[in-house]
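Structure record follows, encoded as structure tokens.
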Amino acid sequence: MKKALSEMSLKELWELFPIILKEHNPKYKEWYEIEAKQLFSCIEHDKIQRINHIGSTAVEGLIAKPTVDILLEAANDCHIPKLIEILKTNGWILMSSEDEPNLQLVFNKGYTPDGFAEKVYHLHVRYLDDWNELYFRDYLLDHPDVALKYGNFKLSLWQEYEHNRDGYTEAKTAFIMQYTEKAKLEYAGRYTPFLDGF
């Protein structure tokens with residue numbers, strides 16, 4: 001009998017769910033739109049401030065892990081325990097949860113005891129803010145040369161970090177931050193929340 005995912009060690013999970021890099025799939029956008037509609041159908045609309053397709057699958061032509069990343073920015077008055085229950089009821093599995101210094105919840109869909117399903121999602125739930133991921137995505141969309149450089153860089157890391165997700169993420173951080181800083185200069189204030197009364 002197969003172990004449940006919750007019973008597996010981190011090493012077992014990394015073996016079952018290795019880093020996989022694939023050519024861009026044009027269906028990623030459609031997968032995002034389907035899931036975004038489902039999120040709006042199960043969560044009160046006034047509790048969602050903004051929702052975005054982020055990560056490499058949001059950038060046409062970019063080599064990526066075949067995982068659609070969604071950033072859902074919740075309203076400040078959103079009751080988070082209730083939101084968590086709603087998402088769990090709708091098939092999302094809570095992977096990690098942080099309250100400090102900022103709310104950061106990460107859910108997934110498409111992880112099974114047999115490995116990845118056809119469609120795999122990560123849902124990042126945070127409060128509305130000026131998130132780096134939005135700027136980095138936009139910079140890659142507007143600068144195909146940097147997107148190509150990023151894709152090649154990820155390919156160079158793949159073999160070493162195939163079964164080490166944390167190491168893979170850490171190895172990419174300096175590159176991502178370099179271009180995120182450039183993006184924040186180029187698109188200054190694009191995602192800054194407006195304060196009431198201003």
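Chain labels A, B, ... are given in the sequence in which chains occur in the structure tokens; within each chain residues are numbered consecutively from 1, and ligands are likewise numbered from 1 in the order shown.
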- Message: Show me, as a PyMOL selection string, the residues that have an atom within 8 Å of segment 119-125 of chain A when counting only C-alpha atoms, minus same-chain residues fewer than 2 positions from it.
- Response: chain A and resi 31+66-74+103-111+116-117+127
- So which residues touch Asn164 of chain A within 9 Å, counting only C-alpha atoms, skipping near sequence neighbours fewer than 5 positions away, as a list in words?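 Neighbouring residues, sequence-local ones excluded: Lys11, Trp14, Glu15, Pro18, Ile19 and Thr169 of chain A.
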How about saving the chosen residues, N, CA, C and O atoms kept, as a CSV table (one decimal), in the first residue's frame?
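As a result, part.csv now contains:
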```
chain,number,residue,atom,x,y,z
A,11,LYS,N,12.9,13.8,1.8
A,11,LYS,CA,13.7,13.1,0.7
A,11,LYS,C,12.8,12.3,-0.2
A,11,LYS,O,13.0,12.3,-1.4
A,14,TRP,N,10.9,14.6,-2.5
A,14,TRP,CA,11.7,15.2,-3.6
A,14,TRP,C,12.0,14.1,-4.7
A,14,TRP,O,12.2,14.4,-5.8
A,15,GLU,N,12.1,12.8,-4.2
A,15,GLU,CA,12.3,11.7,-5.2
A,15,GLU,C,11.0,11.6,-6.1
A,15,GLU,O,11.1,11.3,-7.3
A,18,PRO,N,10.4,15.3,-8.6
A,18,PRO,CA,11.7,15.9,-9.0
A,18,PRO,C,11.5,17.2,-9.7
A,18,PRO,O,10.4,17.5,-10.2
A,19,ILE,N,12.6,18.0,-9.8
A,19,ILE,CA,12.5,19.2,-10.7
A,19,ILE,C,12.4,18.7,-12.1
A,19,ILE,O,13.3,17.9,-12.6
A,169,THR,N,15.7,26.4,-5.7
A,169,THR,CA,15.1,27.8,-5.5
A,169,THR,C,16.2,28.7,-5.0
A,169,THR,O,16.3,29.9,-5.5
```
- Query: Do you know which residues are at most 9 Å from Arg190 of chain A counting only C-alpha atoms, after dropping those on the same chain fewer than 6 positions away, and could you put them as a list in words?
  - Reply: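 Near Arg190 of chain A, the qualifying residues are Asp130, Tyr135 and Lys184 of chain A.
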May I have the selected residues written with N, CA, C and O atoms, as a CSV table (one decimal), in the first residue's frame?
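The new file out-v9.csv reads:
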```csv
chain,number,residue,atom,x,y,z
A,130,ASP,N,3.1,45.0,-2.8
A,130,ASP,CA,4.0,45.3,-4.0
A,130,ASP,C,4.9,44.1,-4.3
A,130,ASP,O,6.1,44.2,-4.1
A,135,TYR,N,6.6,41.9,-10.6
A,135,TYR,CA,7.6,42.7,-11.3
A,135,TYR,C,8.5,41.8,-12.2
A,135,TYR,O,8.9,42.1,-13.3
A,184,LYS,N,11.7,46.9,-10.8
A,184,LYS,CA,11.0,47.8,-9.9
A,184,LYS,C,11.4,49.3,-10.2
A,184,LYS,O,10.7,50.2,-9.9
```
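Here the question is which of A:Tyr161, A:Phe136, A:Phe153, A:Phe40 gets nearest to Gln178 of chain A using only C-alpha atoms, and that residue is A:Phe136.
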- Nearby residues (only C-alpha atoms) at most 10 Å from segment 8-10 of chain A, same-chain spacing under 6 positions excluded, as number ranges by chain: A: 16, 113, 164-165
- Residue nearest Glu12 of chain A among A:Glu186, A:His163, A:Tyr150, A:Glu60 (counting only C-alpha atoms):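 Of A:Glu186, A:His163, A:Tyr150, A:Glu60, the one nearest Glu12 of chain A, counting only C-alpha atoms, is A:His163.
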- as a PyMOL selection string, list the residues of chain A assigned to strand (DSSP E) by DSSP on the backbone atoms of this structure. chain A and resi 48-54+67-74+93-98+104-112+115-127
- Task: Find the residues around segment 55-57 of chain A up to 10 Å (only C-alpha atoms counted), leave out those fewer than 2 positions away in its own chain, and share them as a ChimeraX atom specification.
- Result: /A:22-29,32,52-53,59-71,122,133-134,136-137,140-141,147,150-151
Could the residues in this selection be written to a file with N, CA, C and O atoms, as a short mmCIF file (atom, residue, chain, number, x, y, z; two decimals), in the first residue's frame?
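Written output follows (out.cif):
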```cif
data_model
loop_
_atom_site.label_atom_id
_atom_site.label_comp_id
_atom_site.auth_asym_id
_atom_site.auth_seq_id
_atom_site.Cartn_x
_atom_site.Cartn_y
_atom_site.Cartn_z
N LYS A 22 10.44 21.86 -18.78
CA LYS A 22 9.86 21.55 -20.09
C LYS A 22 9.74 22.82 -20.93
O LYS A 22 9.69 23.93 -20.38
N GLU A 23 9.65 22.61 -22.23
CA GLU A 23 9.35 23.73 -23.12
C GLU A 23 7.99 24.32 -22.73
O GLU A 23 7.13 23.63 -22.19
N HIS A 24 7.80 25.60 -23.04
CA HIS A 24 6.56 26.28 -22.68
C HIS A 24 5.35 25.58 -23.33
O HIS A 24 5.39 25.23 -24.51
N ASN A 25 4.30 25.40 -22.55
CA ASN A 25 3.06 24.80 -23.04
C ASN A 25 2.03 25.93 -23.21
O ASN A 25 1.68 26.60 -22.24
N PRO A 26 1.53 26.16 -24.43
CA PRO A 26 0.56 27.24 -24.65
C PRO A 26 -0.71 27.09 -23.80
O PRO A 26 -1.44 28.06 -23.62
N LYS A 27 -0.95 25.88 -23.29
CA LYS A 27 -2.15 25.65 -22.49
C LYS A 27 -2.04 26.21 -21.06
O LYS A 27 -3.03 26.26 -20.35
N TYR A 28 -0.83 26.61 -20.62
CA TYR A 28 -0.68 27.11 -19.26
C TYR A 28 -1.63 28.28 -18.98
O TYR A 28 -2.22 28.36 -17.90
N LYS A 29 -1.76 29.19 -19.93
CA LYS A 29 -2.63 30.36 -19.74
C LYS A 29 -4.08 29.91 -19.53
O LYS A 29 -4.78 30.42 -18.65
N TYR A 32 -4.52 28.38 -16.12
CA TYR A 32 -4.61 29.44 -15.12
C TYR A 32 -6.01 30.05 -15.10
O TYR A 32 -6.62 30.22 -14.04
N ASN A 52 -3.30 36.79 -10.02
CA ASN A 52 -2.37 36.86 -11.14
C ASN A 52 -1.72 35.50 -11.40
O ASN A 52 -1.48 34.73 -10.46
N HIS A 53 -1.43 35.27 -12.66
CA HIS A 53 -0.60 34.13 -13.08
C HIS A 53 0.84 34.60 -12.96
O HIS A 53 1.24 35.58 -13.59
N VAL A 59 5.17 33.17 -18.68
CA VAL A 59 6.00 33.84 -19.69
C VAL A 59 6.09 32.96 -20.93
O VAL A 59 6.72 31.89 -20.90
N GLU A 60 5.47 33.41 -22.01
CA GLU A 60 5.44 32.62 -23.25
C GLU A 60 6.85 32.33 -23.74
O GLU A 60 7.71 33.22 -23.77
N GLY A 61 7.10 31.06 -24.06
CA GLY A 61 8.38 30.65 -24.61
C GLY A 61 9.43 30.28 -23.59
O GLY A 61 10.49 29.78 -23.96
N LEU A 62 9.15 30.53 -22.31
CA LEU A 62 10.16 30.27 -21.28
C LEU A 62 10.13 28.82 -20.81
O LEU A 62 9.06 28.28 -20.48
N ILE A 63 11.29 28.18 -20.77
CA ILE A 63 11.40 26.84 -20.20
C ILE A 63 10.99 26.91 -18.73
O ILE A 63 11.39 27.84 -18.02
N ALA A 64 10.20 25.94 -18.27
CA ALA A 64 9.65 26.04 -16.92
C ALA A 64 9.34 24.68 -16.35
O ALA A 64 9.13 23.71 -17.08
N LYS A 65 9.27 24.62 -15.01
CA LYS A 65 8.61 23.49 -14.38
C LYS A 65 7.15 23.56 -14.81
O LYS A 65 6.57 24.65 -14.81
N PRO A 66 6.52 22.44 -15.17
CA PRO A 66 5.13 22.49 -15.65
C PRO A 66 4.14 22.67 -14.51
O PRO A 66 3.24 21.86 -14.28
N THR A 67 4.34 23.74 -13.75
CA THR A 67 3.51 24.06 -12.60
C THR A 67 2.98 25.48 -12.77
O THR A 67 3.76 26.42 -12.91
N VAL A 68 1.67 25.64 -12.77
CA VAL A 68 1.06 26.96 -12.90
C VAL A 68 0.99 27.60 -11.52
O VAL A 68 0.32 27.09 -10.62
N ASP A 69 1.70 28.72 -11.37
CA ASP A 69 1.71 29.46 -10.10
C ASP A 69 0.69 30.58 -10.15
O ASP A 69 0.66 31.37 -11.10
N ILE A 70 -0.12 30.66 -9.10
CA ILE A 70 -1.16 31.68 -8.99
C ILE A 70 -0.93 32.47 -7.71
O ILE A 70 -0.74 31.89 -6.63
N LEU A 71 -0.94 33.79 -7.83
CA LEU A 71 -0.85 34.66 -6.65
C LEU A 71 -2.23 35.25 -6.39
O LEU A 71 -2.75 36.00 -7.22
N HIS A 122 0.43 25.66 -8.00
CA HIS A 122 0.78 26.20 -6.70
C HIS A 122 -0.03 27.48 -6.54
O HIS A 122 -0.03 28.34 -7.44
N GLU A 133 7.30 39.03 -7.34
CA GLU A 133 6.98 38.08 -8.42
C GLU A 133 6.26 38.75 -9.59
O GLU A 133 6.43 38.35 -10.75
N LEU A 134 5.45 39.76 -9.29
CA LEU A 134 4.72 40.46 -10.35
C LEU A 134 5.68 41.27 -11.22
O LEU A 134 5.55 41.29 -12.45
N PHE A 136 9.01 40.72 -11.58
CA PHE A 136 9.92 39.82 -12.30
C PHE A 136 9.22 39.23 -13.52
O PHE A 136 9.79 39.17 -14.62
N ARG A 137 7.96 38.81 -13.36
CA ARG A 137 7.20 38.28 -14.49
C ARG A 137 7.10 39.31 -15.62
O ARG A 137 7.35 39.02 -16.78
N LEU A 140 10.39 39.79 -17.52
CA LEU A 140 10.67 38.70 -18.46
C LEU A 140 9.77 38.80 -19.70
O LEU A 140 10.21 38.52 -20.82
N LEU A 141 8.51 39.20 -19.51
CA LEU A 141 7.61 39.36 -20.65
C LEU A 141 8.09 40.45 -21.59
O LEU A 141 7.97 40.33 -22.82
N ALA A 147 14.58 36.60 -20.53
CA ALA A 147 13.83 35.35 -20.35
C ALA A 147 14.63 34.15 -20.88
O ALA A 147 14.69 33.10 -20.24
N TYR A 150 17.43 33.44 -18.54
CA TYR A 150 16.90 32.78 -17.34
C TYR A 150 16.63 31.30 -17.61
O TYR A 150 16.96 30.43 -16.81
N GLY A 151 16.03 31.01 -18.76
CA GLY A 151 15.75 29.62 -19.13
C GLY A 151 17.02 28.79 -19.22
O GLY A 151 17.10 27.66 -18.71
#
```
